[in-house]
Amino acid sequence: MRVALYTLGCKVNQFETAALAEGFISRGADIVNYTQEADIYVVNTCTVTSRAAYQSRQILRKLRRSRKKSRIIATGCYVQMGAQEILEAVPEQVCLVGNGQKARLVDLALEIEDGMEFYVGSISRVTTIAPFTVKRQLGRTRAFVRIQDGCNSFCTYCIVPYARGRSRSLAPELVEKQVKTMIQEGIKEVVFTGIHIGMYGEDLP
C-alpha cells in the first residue's frame, strides 16, 4: 500500500502529518510524494486565510481529477470549518475527517469503503489533546513536538478557536517522553510548537 500526504499551513499541521505518516508506516504502508501514484492521499488542510482555503480546494480537485482510483482524504482546519465548501468544490468521492477525529485518521483510512464518508464533529467538545507521537521527521535532525493545541482567546478576527477548539496541553511527562524518543532516533534539535503556546499548562491539574 502506497500513501501520500500533503500539508498546508502551520507547524502543528506539519507535526500532525508526520505523526500520520508514522501511523501509516506502522501499518506496513510506503510513504511516497504526493506527485506519485498512491492508493491513499491525505491532504492536511488550512483555513487561516482565504488563500489557504483556496489552495486546499485546489489540491483536492487536482488529486480527485488525476487519481480517480485512489482514496482521497481531507483533514485539518478547512475541513473543520468548510466541509460544505469542499463538497461543493469537489463533489466527487472525498472522505472528510475533522480535527477532532484526526487521531483516528489512519484507522479510518484503512477501514472505509471508497466513497463519501464524514467524520466532522464539534471540536468545541474536545477536552484532551490528541495522542500523536513522532520519532523522526523525514530524516531531519531538527524536529517539532506539539505540546499544545487550541486557543481560548476567541479574538474577533480569528477563526482558530473554532477550527482547533479550546486550549489543550500535553502533560509534561509525555513531552519528556517524546523528546527522549526523538533524541534516541538521532534528532539534534527539538522545537516545541502549538497553536497558542502561551496557554500551555493552564488546563493541566
# chains A, B, ... in the order shown; residues from 1 in each chain; ligands from 1
$ residues_around --residues "stretch 163-165 of chain A" --least-positions-apart "4" --cutoff "8 Å" --atoms "only C-alpha atoms" --output "PyMOL selection string"
chain A and resi 77-78+80-81+99+123-126+149-152+159
$ write_last_selection --atoms "C-alpha atoms" --output "mmCIF file, in the first residue's frame"
data_model
loop_
_atom_site.group_PDB
_atom_site.id
_atom_site.type_symbol
_atom_site.label_atom_id
_atom_site.label_comp_id
_atom_site.auth_asym_id
_atom_site.auth_seq_id
_atom_site.Cartn_x
_atom_site.Cartn_y
_atom_site.Cartn_z
ATOM 1 C CA CYS A 77 -8.836 23.182 9.776
ATOM 2 C CA TYR A 78 -10.503 23.802 6.424
ATOM 3 C CA GLN A 80 -13.435 21.502 10.268
ATOM 4 C CA MET A 81 -14.752 24.894 9.161
ATOM 5 C CA ASN A 99 -9.623 17.924 13.620
ATOM 6 C CA ILE A 123 -14.296 20.473 18.053
ATOM 7 C CA SER A 124 -15.525 22.568 20.991
ATOM 8 C CA ARG A 125 -16.395 19.385 22.865
ATOM 9 C CA VAL A 126 -12.844 18.013 22.668
ATOM 10 C CA ASP A 149 -3.393 22.681 20.737
ATOM 11 C CA GLY A 150 -6.337 25.076 20.507
ATOM 12 C CA CYS A 151 -6.952 28.570 21.840
ATOM 13 C CA ASN A 152 -9.285 30.219 24.377
ATOM 14 C CA ILE A 159 -11.072 31.596 13.207
#
$ residues_around --residues "A:Leu204" --least-positions-apart "3" --cutoff "9 Å" --atoms "only C-alpha atoms" --output "list of chain:residue names"
A:Arg168, A:Ser169, A:Leu170, A:Ala171, A:Tyr200, A:Gly201
$ write_last_selection --atoms "N, CA and C atoms" --output "compact mmCIF listing (two decimals), in the first residue's frame"
# COMPACT_ATOMS: atom_id res chain seq x y z
N ARG A 168 -5.68 22.84 24.84
CA ARG A 168 -5.39 21.56 25.48
C ARG A 168 -3.89 21.35 25.49
N SER A 169 -3.36 20.88 26.62
CA SER A 169 -1.91 20.75 26.78
C SER A 169 -1.50 19.30 26.92
N LEU A 170 -0.31 19.00 26.42
CA LEU A 170 0.28 17.68 26.60
C LEU A 170 0.98 17.65 27.95
N ALA A 171 0.70 16.64 28.75
CA ALA A 171 1.27 16.54 30.09
C ALA A 171 2.80 16.55 30.03
N TYR A 200 -0.01 27.09 27.40
CA TYR A 200 0.39 25.74 27.83
C TYR A 200 0.27 25.59 29.34
N GLY A 201 -0.35 24.49 29.74
CA GLY A 201 -0.44 24.13 31.15
C GLY A 201 -1.64 24.69 31.89
$ residues_around --residues "A:Ile86" --least-positions-apart "6" --cutoff "9 Å" --atoms "only C-alpha atoms" --output "MDAnalysis selection string"
chainID A and resid 56:57 60 78:79 94 96
$ select_by_dssp --residues "stretch 93-169 of chain A" --states "strand (DSSP E)" --output "NGL selection string"
:A and (95-97 or 117-119 or 142-146 or 148-149 or 168-169)
$ residues_around --residues "A:Ser26" --least-positions-apart "5" --cutoff "12 Å" --atoms "only C-alpha atoms" --output "ChimeraX atom specification"
/A:1,19-21,31,106-107,134-135
$ residues_around --residues "stretch 4-17 of chain A" --least-positions-apart "3" --cutoff "8 Å" --atoms "only C-alpha atoms" --output "PyMOL selection string"
chain A and resi 20-21+31-34+36+38+40-46+48+52+56+76+132+134+144-146+193-195
$ write_last_selection --atoms "C-alpha atoms" --output "PDB file, in the first residue's frame"
ATOM      1  CA  LEU A  20       0.051  10.330  10.483  1.00  0.00           C
ATOM      2  CA  ALA A  21       2.893   9.197   8.213  1.00  0.00           C
ATOM      3  CA  ILE A  31       5.093   6.811   2.071  1.00  0.00           C
ATOM      4  CA  VAL A  32       5.533   8.456  -1.334  1.00  0.00           C
ATOM      5  CA  ASN A  33       5.494  12.016  -2.649  1.00  0.00           C
ATOM      6  CA  TYR A  34       2.004  13.281  -3.460  1.00  0.00           C
ATOM      7  CA  GLN A  36       3.450   9.956  -7.387  1.00  0.00           C
ATOM      8  CA  ALA A  38      -0.612   6.166  -4.370  1.00  0.00           C
ATOM      9  CA  ILE A  40      -4.374   6.766  -0.413  1.00  0.00           C
ATOM     10  CA  TYR A  41      -3.845  10.542  -0.476  1.00  0.00           C
ATOM     11  CA  VAL A  42      -4.191  12.583   2.716  1.00  0.00           C
ATOM     12  CA  VAL A  43      -4.424  16.382   2.486  1.00  0.00           C
ATOM     13  CA  ASN A  44      -3.987  18.224   5.797  1.00  0.00           C
ATOM     14  CA  THR A  45      -5.762  21.499   5.035  1.00  0.00           C
ATOM     15  CA  CYS A  46      -5.582  25.054   6.361  1.00  0.00           C
ATOM     16  CA  VAL A  48      -6.475  30.624   8.496  1.00  0.00           C
ATOM     17  CA  ALA A  52      -5.005  28.770   2.293  1.00  0.00           C
ATOM     18  CA  SER A  56      -6.761  23.358  -0.064  1.00  0.00           C
ATOM     19  CA  GLY A  76      -7.412  19.746   9.083  1.00  0.00           C
ATOM     20  CA  PHE A 132       0.186  11.986  18.473  1.00  0.00           C
ATOM     21  CA  VAL A 134       6.631  11.246  16.264  1.00  0.00           C
ATOM     22  CA  PHE A 144       8.832  19.589  16.167  1.00  0.00           C
ATOM     23  CA  VAL A 145       6.941  18.424  19.229  1.00  0.00           C
ATOM     24  CA  ARG A 146       3.385  19.658  19.590  1.00  0.00           C
ATOM     25  CA  THR A 193       5.121  24.058  18.871  1.00  0.00           C
ATOM     26  CA  GLY A 194       1.434  24.675  19.429  1.00  0.00           C
ATOM     27  CA  ILE A 195      -1.456  26.877  18.419  1.00  0.00           C
TER      28      ILE A 195
END
$ residues_around --residues "A:Gly28" --least-positions-apart "4" --cutoff "10 Å" --atoms "only C-alpha atoms" --output "ChimeraX atom specification"
/A:1-2,22-24
$ select_by_dssp --residues "stretch 56-102 of chain A" --states "helix (DSSP H, G or I)" --output "number ranges by chain"
A: 56-66, 77-89, 99-102
$ write_last_selection --atoms "C-alpha atoms" --output "short mmCIF file (atom, residue, chain, number, x, y, z; two decimals), in the first residue's frame"
data_model
loop_
_atom_site.label_atom_id
_atom_site.label_comp_id
_atom_site.auth_asym_id
_atom_site.auth_seq_id
_atom_site.Cartn_x
_atom_site.Cartn_y
_atom_site.Cartn_z
CA SER A 56 -6.76 23.36 -0.06
CA ARG A 57 -9.66 23.14 -2.54
CA GLN A 58 -7.25 23.34 -5.46
CA ILE A 59 -5.09 20.40 -4.39
CA LEU A 60 -8.17 18.29 -3.59
CA ARG A 61 -9.68 18.97 -7.02
CA LYS A 62 -6.36 18.22 -8.72
CA LEU A 63 -5.93 14.92 -6.88
CA ARG A 64 -9.51 13.84 -7.49
CA ARG A 65 -9.24 14.52 -11.22
CA SER A 66 -5.87 12.83 -11.68
CA CYS A 77 -8.84 23.18 9.78
CA TYR A 78 -10.50 23.80 6.42
CA VAL A 79 -12.37 20.52 6.75
CA GLN A 80 -13.43 21.50 10.27
CA MET A 81 -14.75 24.89 9.16
CA GLY A 82 -15.60 24.49 5.48
CA ALA A 83 -16.81 20.95 4.88
CA GLN A 84 -19.75 22.18 2.82
CA GLU A 85 -17.48 24.33 0.65
CA ILE A 86 -15.31 21.29 -0.03
CA LEU A 87 -18.33 19.22 -1.04
CA GLU A 88 -19.40 21.94 -3.46
CA ALA A 89 -15.89 22.34 -4.89
CA ASN A 99 -9.62 17.92 13.62
CA GLY A 100 -11.43 16.20 16.47
CA GLN A 101 -11.14 12.87 14.66
CA LYS A 102 -7.65 13.30 13.22
#
$ atom_distance --atom1 "atom CA of A:Pro172" --atom2 "atom CA of A:Thr141"
22.5 Å
$ closest_residue --among "A:Thr133, A:Gln178, A:Ser122, A:Gln55" --to "A:Ala103" --atoms "only C-alpha atoms"
A:Thr133
$ atom_distance --atom1 "atom CA of A:Lys69" --atom2 "atom CA of A:Asp39"
7.8 Å
